[in-house]
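Q: I am sharing structure16.cif, which consists of mmCIF, C-alpha atoms:
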data_my_file
#
loop_
_atom_site.group_PDB
_atom_site.id
_atom_site.type_symbol
_atom_site.label_atom_id
_atom_site.label_comp_id
_atom_site.auth_asym_id
_atom_site.auth_seq_id
_atom_site.Cartn_x
_atom_site.Cartn_y
_atom_site.Cartn_z
ATOM 1 C CA LEU A 1 0.000 0.000 0.000
ATOM 2 C CA ASP A 2 0.959 3.657 -0.409
ATOM 3 C CA ALA A 3 4.634 4.150 0.389
ATOM 4 C CA THR A 4 4.014 7.666 1.764
ATOM 5 C CA ASN A 5 1.802 6.135 4.439
ATOM 6 C CA VAL A 6 3.992 6.782 7.503
ATOM 7 C CA ILE A 7 1.705 8.871 9.755
ATOM 8 C CA ASP A 8 -0.524 6.866 12.083
ATOM 9 C CA ASN A 9 -3.103 9.567 12.781
ATOM 10 C CA PRO A 10 -3.095 12.200 10.014
ATOM 11 C CA ALA A 11 -5.133 15.392 10.255
ATOM 12 C CA LEU A 12 -6.128 14.867 6.625
ATOM 13 C CA THR A 13 -5.316 12.706 3.628
ATOM 14 C CA ILE A 14 -5.388 13.816 -0.010
ATOM 15 C CA ILE A 15 -5.523 11.746 -3.185
ATOM 16 C CA THR A 16 -4.657 13.717 -6.320
ATOM 17 C CA PRO A 17 -5.651 12.607 -9.848
ATOM 18 C CA ILE A 18 -4.388 9.071 -10.479
ATOM 19 C CA SER A 19 -2.493 8.267 -13.654
ATOM 20 C CA PHE A 20 -0.247 5.456 -14.834
ATOM 21 C CA ASP A 21 2.925 5.771 -12.765
ATOM 22 C CA HIS A 22 5.394 3.515 -10.932
ATOM 23 C CA MET A 23 3.584 0.532 -12.444
ATOM 24 C CA GLU A 24 6.374 -1.842 -11.481
ATOM 25 C CA TYR A 25 5.290 -1.293 -7.862
ATOM 26 C CA LEU A 26 1.656 -0.206 -8.043
ATOM 27 C CA GLY A 27 0.209 -2.357 -10.810
ATOM 28 C CA GLU A 28 -0.558 -2.055 -14.504
ATOM 29 C CA THR A 29 -4.158 -0.808 -14.362
ATOM 30 C CA ILE A 30 -5.759 2.355 -12.969
ATOM 31 C CA ALA A 31 -7.803 0.155 -10.632
ATOM 32 C CA LYS A 32 -4.703 -1.517 -9.164
ATOM 33 C CA ILE A 33 -2.910 1.801 -8.779
ATOM 34 C CA ALA A 34 -5.962 3.312 -7.066
ATOM 35 C CA TYR A 35 -6.104 0.386 -4.651
ATOM 36 C CA GLU A 36 -2.488 1.007 -3.665
ATOM 37 C CA LYS A 37 -2.989 4.756 -3.370
ATOM 38 C CA ALA A 38 -6.040 4.193 -1.156
ATOM 39 C CA GLY A 39 -3.698 2.616 1.381
ATOM 40 C CA ILE A 40 -3.123 6.109 2.753
ATOM 41 C CA LEU A 41 -6.694 6.294 4.105
ATOM 42 C CA LYS A 42 -7.000 6.111 7.891
ATOM 43 C CA PRO A 43 -9.930 5.689 10.293
ATOM 44 C CA ASP A 44 -11.492 8.919 11.578
ATOM 45 C CA SER A 45 -9.484 11.000 9.097
ATOM 46 C CA LYS A 46 -11.086 13.011 6.317
ATOM 47 C CA CYS A 47 -9.865 12.399 2.763
ATOM 48 C CA VAL A 48 -9.912 15.066 0.046
ATOM 49 C CA ILE A 49 -10.349 13.254 -3.259
ATOM 50 C CA SER A 50 -9.479 15.205 -6.391
ATOM 51 C CA TRP A 51 -10.754 14.442 -9.904
ATOM 52 C CA GLN A 52 -10.399 10.721 -10.641
ATOM 53 C CA PRO A 53 -11.163 8.274 -13.433
ATOM 54 C CA GLU A 54 -14.442 6.580 -12.509
ATOM 55 C CA GLU A 55 -12.831 3.196 -11.861
ATOM 56 C CA ALA A 56 -10.322 4.796 -9.482
ATOM 57 C CA LEU A 57 -12.977 6.791 -7.632
ATOM 58 C CA LYS A 58 -15.071 3.697 -6.930
ATOM 59 C CA ILE A 59 -12.141 1.881 -5.355
ATOM 60 C CA ILE A 60 -11.157 4.875 -3.250
ATOM 61 C CA LEU A 61 -14.716 5.399 -1.999
ATOM 62 C CA ASP A 62 -15.075 1.689 -1.179
ATOM 63 C CA ARG A 63 -11.889 1.933 0.879
ATOM 64 C CA CYS A 64 -13.204 5.060 2.638
ATOM 65 C CA MET A 65 -16.224 3.057 3.762
ATOM 66 C CA GLU A 66 -14.072 0.123 4.891
ATOM 67 C CA VAL A 67 -11.868 2.238 7.172
ATOM 68 C CA ASP A 68 -14.529 4.826 8.129
ATOM 69 C CA SER A 69 -12.748 7.748 6.478
ATOM 70 C CA GLU A 70 -14.935 10.718 5.521
ATOM 71 C CA ALA A 71 -14.654 11.495 1.788
ATOM 72 C CA PHE A 72 -14.673 15.065 0.445
ATOM 73 C CA VAL A 73 -15.035 14.390 -3.272
ATOM 74 C CA PHE A 74 -14.491 16.551 -6.340
ATOM 75 C CA GLY A 75 -17.727 16.890 -8.318
ATOM 76 C CA ARG A 76 -19.857 15.913 -5.338
ATOM 77 C CA HIS A 77 -18.808 18.010 -2.350
ATOM 78 C CA TRP A 78 -16.607 20.599 -4.032
ATOM 79 C CA ASP A 79 -15.899 21.909 -7.511
ATOM 80 C CA PHE A 80 -14.259 24.804 -9.316
ATOM 81 C CA GLU A 81 -14.971 27.033 -12.295
ATOM 82 C CA ARG A 82 -12.486 29.044 -14.358
ATOM 83 C CA THR A 83 -13.099 32.806 -14.586
ATOM 84 C CA THR A 84 -11.435 35.619 -16.522
ATOM 85 C CA SER A 85 -9.296 36.526 -13.499
ATOM 86 C CA GLY A 86 -8.809 33.124 -11.855
ATOM 87 C CA PHE A 87 -11.307 30.574 -10.609
ATOM 88 C CA LYS A 88 -14.201 30.054 -8.236
ATOM 89 C CA PHE A 89 -13.961 27.349 -5.572
ATOM 90 C CA LYS A 90 -17.445 26.042 -4.911
ATOM 91 C CA THR A 91 -19.145 23.945 -2.249
ATOM 92 C CA PRO A 92 -22.911 23.595 -1.703
ATOM 93 C CA SER A 93 -22.700 26.268 1.016
ATOM 94 C CA SER A 94 -20.154 28.751 -0.330
ATOM 95 C CA VAL A 95 -18.336 30.203 -3.348
ATOM 96 C CA ILE A 96 -14.887 31.804 -3.122
ATOM 97 C CA ASP A 97 -13.358 33.933 -5.866
ATOM 98 C CA LEU A 98 -9.650 33.182 -6.173
ATOM 99 C CA PRO A 99 -6.813 34.410 -8.407
ATOM 100 C CA ASN A 100 -4.931 32.467 -11.047
ATOM 101 C CA PRO A 101 -2.309 30.181 -9.498
ATOM 102 C CA SER A 102 1.307 31.180 -10.013
ATOM 103 C CA LEU A 103 2.097 27.689 -11.305
ATOM 104 C CA VAL A 104 1.766 27.400 -15.086
ATOM 105 C CA GLY A 105 -0.530 24.930 -16.849
ATOM 106 C CA ILE A 106 -4.229 24.191 -17.040
ATOM 107 C CA HIS A 107 -3.732 21.233 -14.681
ATOM 108 C CA GLN A 108 -2.706 23.645 -11.941
ATOM 109 C CA TYR A 109 -6.315 24.773 -11.567
ATOM 110 C CA ILE A 110 -7.450 21.340 -10.388
ATOM 111 C CA ASN A 111 -4.323 21.141 -8.225
ATOM 112 C CA ALA A 112 -5.058 24.580 -6.744
ATOM 113 C CA ALA A 113 -8.708 23.700 -6.132
ATOM 114 C CA THR A 114 -7.632 20.455 -4.444
ATOM 115 C CA ALA A 115 -5.322 22.428 -2.163
ATOM 116 C CA VAL A 116 -8.167 24.809 -1.298
ATOM 117 C CA ALA A 117 -10.421 21.837 -0.537
ATOM 118 C CA ALA A 118 -7.739 20.546 1.818
ATOM 119 C CA VAL A 119 -7.345 23.883 3.598
ATOM 120 C CA LYS A 120 -11.105 24.194 4.001
ATOM 121 C CA SER A 121 -11.220 20.683 5.464
ATOM 122 C CA LEU A 122 -8.718 21.472 8.219
ATOM 123 C CA LYS A 123 -11.172 23.001 10.656
ATOM 124 C CA GLN A 124 -8.557 23.200 13.423
ATOM 125 C CA PHE A 125 -6.627 25.797 11.399
ATOM 126 C CA LYS A 126 -7.937 29.295 10.719
ATOM 127 C CA VAL A 127 -6.780 30.122 7.194
ATOM 128 C CA SER A 128 -8.426 33.157 5.629
ATOM 129 C CA ASP A 129 -9.421 33.462 1.988
ATOM 130 C CA GLU A 130 -6.774 36.196 1.733
ATOM 131 C CA ASN A 131 -4.142 33.739 2.971
ATOM 132 C CA ILE A 132 -5.295 31.202 0.358
ATOM 133 C CA SER A 133 -5.098 33.815 -2.410
ATOM 134 C CA TYR A 134 -1.596 34.786 -1.332
ATOM 135 C CA GLY A 135 -0.490 31.164 -1.294
ATOM 136 C CA LEU A 136 -1.882 30.467 -4.760
ATOM 137 C CA GLN A 137 -0.089 33.498 -6.205
ATOM 138 C CA ASN A 138 3.248 32.824 -4.520
ATOM 139 C CA THR A 139 3.868 29.104 -4.915
ATOM 140 C CA PRO A 140 7.110 28.180 -6.708
ATOM 141 C CA TRP A 141 7.773 24.665 -8.016
ATOM 142 C CA GLN A 142 11.081 24.116 -9.704
ATOM 143 C CA ALA A 143 11.095 22.020 -12.882
ATOM 144 C CA ARG A 144 7.288 22.050 -13.177
ATOM 145 C CA MET A 145 6.514 24.200 -16.209
ATOM 146 C CA GLU A 146 9.342 26.456 -15.037
ATOM 147 C CA LYS A 147 10.619 29.187 -17.331
ATOM 148 C CA ILE A 148 14.412 29.502 -17.107
ATOM 149 C CA ASN A 149 15.102 33.199 -16.592
ATOM 150 C CA ARG A 150 18.778 33.162 -15.628
ATOM 151 C CA GLY A 151 21.975 31.193 -15.995
ATOM 152 C CA VAL A 152 24.184 30.017 -18.844
ATOM 153 C CA LEU A 153 21.431 28.366 -20.900
ATOM 154 C CA GLN A 154 19.159 31.383 -20.758
ATOM 155 C CA SER A 155 21.967 33.770 -21.669
ATOM 156 C CA LYS A 156 22.718 31.832 -24.873
ATOM 157 C CA LEU A 157 19.154 31.744 -26.222
ATOM 158 C CA PRO A 158 18.458 33.697 -29.430
ATOM 159 C CA ASN A 159 16.227 36.776 -29.105
ATOM 160 C CA GLY A 160 12.571 35.846 -28.661
ATOM 161 C CA TRP A 161 13.305 32.276 -27.558
ATOM 162 C CA GLU A 162 12.204 30.809 -24.231
ATOM 163 C CA LEU A 163 13.406 27.741 -22.352
ATOM 164 C CA TRP A 164 10.975 25.817 -20.155
ATOM 165 C CA VAL A 165 11.667 22.768 -17.995
ATOM 166 C CA ASP A 166 9.150 20.219 -16.745
ATOM 167 C CA GLY A 167 9.684 16.958 -14.878
ATOM 168 C CA ALA A 168 6.488 15.233 -16.038
ATOM 169 C CA HIS A 169 7.113 11.504 -15.820
ATOM 170 C CA ASN A 170 3.764 9.833 -16.467
ATOM 171 C CA THR A 171 0.953 9.844 -19.018
ATOM 172 C CA GLY A 172 -1.135 12.392 -17.130
ATOM 173 C CA GLY A 173 1.770 14.825 -16.885
ATOM 174 C CA ALA A 174 2.578 14.442 -20.575
ATOM 175 C CA GLN A 175 -1.055 15.094 -21.518
ATOM 176 C CA MET A 176 -1.102 18.279 -19.446
ATOM 177 C CA ILE A 177 2.053 19.609 -21.124
ATOM 178 C CA ALA A 178 0.573 18.794 -24.543
ATOM 179 C CA ALA A 179 -2.660 20.600 -23.636
ATOM 180 C CA HIS A 180 -0.726 23.669 -22.490
ATOM 181 C CA ILE A 181 1.299 23.778 -25.703
ATOM 182 C CA GLN A 182 -1.810 23.409 -27.866
ATOM 183 C CA ASN A 183 -3.813 26.050 -25.992
ATOM 184 C CA GLN A 184 -1.237 28.607 -24.896
ATOM 185 C CA TRP A 185 1.809 28.450 -27.170
ATOM 186 C CA THR A 186 0.140 28.847 -30.528
ATOM 187 C CA ASP A 187 2.134 31.914 -31.620
ATOM 188 C CA LYS A 188 5.522 30.203 -32.010
ATOM 189 C CA PRO A 189 6.995 26.778 -32.777
ATOM 190 C CA THR A 190 7.814 24.454 -29.882
ATOM 191 C CA TYR A 191 10.826 22.141 -29.822
ATOM 192 C CA LEU A 192 10.757 19.260 -27.345
ATOM 193 C CA ILE A 193 13.875 17.724 -25.826
ATOM 194 C CA ASN A 194 12.693 14.623 -23.997
ATOM 195 C CA GLY A 195 14.873 12.556 -21.680
ATOM 196 C CA ARG A 196 13.648 9.371 -19.962
ATOM 197 C CA THR A 197 14.946 6.615 -17.769
ATOM 198 C CA GLY A 198 14.937 3.223 -19.446
ATOM 199 C CA ASN A 199 11.813 1.890 -17.724
ATOM 200 C CA ARG A 200 9.508 4.669 -18.968
ATOM 201 C CA ASP A 201 6.954 4.217 -21.742
ATOM 202 C CA VAL A 202 8.327 6.805 -24.160
ATOM 203 C CA ALA A 203 5.482 6.336 -26.631
#
Rewrite the coordinates I just gave you, this time as structure tokens.

A:
Amino acid sequence: LDATNVIDNPALTIITPISFDHMEYLGETIAKIAYEKAGILKPDSKCVISWQPEEALKIILDRCMEVDSEAFVFGRHWDFERTTSGFKFKTPSSVIDLPNPSLVGIHQYINAATAVAAVKSLKQFKVSDENISYGLQNTPWQARMEKINRGVLQSKLPNGWELWVDGAHNTGGAQMIAAHIQNQWTDKPTYLINGRTGNRDVA
């Protein structure tokens, strides 16, 4: 079961969107991977569940019932909606207007909304909407859709060129990069330099 599962009594657990990854350990189907990921669930601990393939969601929810973990599920208990200036985080009882996340990529909206769902689930902490907005706008993540703005490589780029680095290492990550390129970088050609370890499915 989940290798990050080292805390006996967590305040909260979170399961982000499941994709094909570490299949040599987790299994070769989404269902098997979801079963392993659901190992993080603990009794009497709430679990924030982000967007999932339907087969993964069923397994996670079944495990929640088995261990008596309260599920806070995307599309059922919380949701988000893109706006011109950011996004709205929505629950049945409230709507919060939030800014665009500082992290680049359309996938960062579901990641940001998942983080907000987690913060809102931690009732023992008083985190204001202003604090959440600040956090979303000031989160760095090296080598995740990171534009290189300094150093030797940047200094040698021709005028008008940009260099971006991303450590995506599974199908879901690759799809998100492709979506960003297709939707955001339409005004210039994109050249991909792709390095992989030998056990990755390059195709």

Q: One decimal, in Å: what's the spacing between CA of Ala168 in chain A and CA of Ile15 in chain A?

A: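 A separation of 17.9 Å between them.
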
Q: Quick one: pull the distance between CA of Lys46 in chain A and CA of Lys120 in chain A, Å, one decimal.

A: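 Interatomic distance here is 11.4 Å.
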
Q: Counting all atoms listed in the file, which residue out of A:Thr29, A:Asn170, A:Gln137, A:Gln154 sits closest to Pro53 in chain A?

A: A:Thr29

Q: May I have the protein, DNA and RNA residues with any atom at most 12 Å from the point (-0.1, 22.3, -7.9), counting only C-alpha atoms, written as number ranges by chain?

A: A: 16-17, 50, 100-116, 135-142, 144-145, 173

Q: Env of Gln52 in chain A: 12 Å cut, atoms = only C-alpha atoms, seq-sep filter 5 positions within chain, self excluded. Answer as a count of residues only.

A: 21

Q: Fewer than 6 positions away in the same chain doesn't count, so skip those; otherwise give me all residues within 7 Å of Pro43 in chain A, counting all atoms listed in the file, as a list in words.

A: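 Close residues of Pro43 in chain A: Val67, Asp68 and Ser69 of chain A.
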
Q: Could you list, as number ranges by chain, every residue within 12 Å of Arg150 in chain A, counting only C-alpha atoms and ignoring same-chain residues fewer than 5 positions away?

A: A: 155-157, 162-164

Q: Would you translate the PyMOL selection byres ((chain A and resi 182-191) around 10) into the concrete set of residues it matches in this file, as an NGL selection string?

A: :A and (105-106 or 160-163 or 176-181 or 192-194)

Q: Let me make sure I understand: among A:Asp44, A:Asp62, A:Glu28, A:Glu81, which one has the smallest atom-to-atom distance to Ala11 in chain A if we use all atoms listed in the file?

A: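 Of all the options, A:Asp44 lies closest to Ala11 in chain A.
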
Q: Can you spell out as a list in words the set of residues that the PyMOL selection byres ((chain A and resi 97-99) around 9) selects in the structure I just provided?

A: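 Selected by the PyMOL selection byres ((chain A and resi 97-99) around 9) here: Thr83, Ser85, Gly86, Phe87, Lys88, Phe89, Lys90, Val95, Ile96, Asn100, Pro101, Ser102, Asp129, Glu130, Ile132, Ser133, Tyr134, Leu136 and Gln137 of chain A.
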
Q: Pick the closest to Ile7 in chain A from A:Ile148, A:Glu36, A:Leu41, A:Glu70: which is it, counting only C-alpha atoms?

A: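 Nearest to Ile7 in chain A: A:Leu41.
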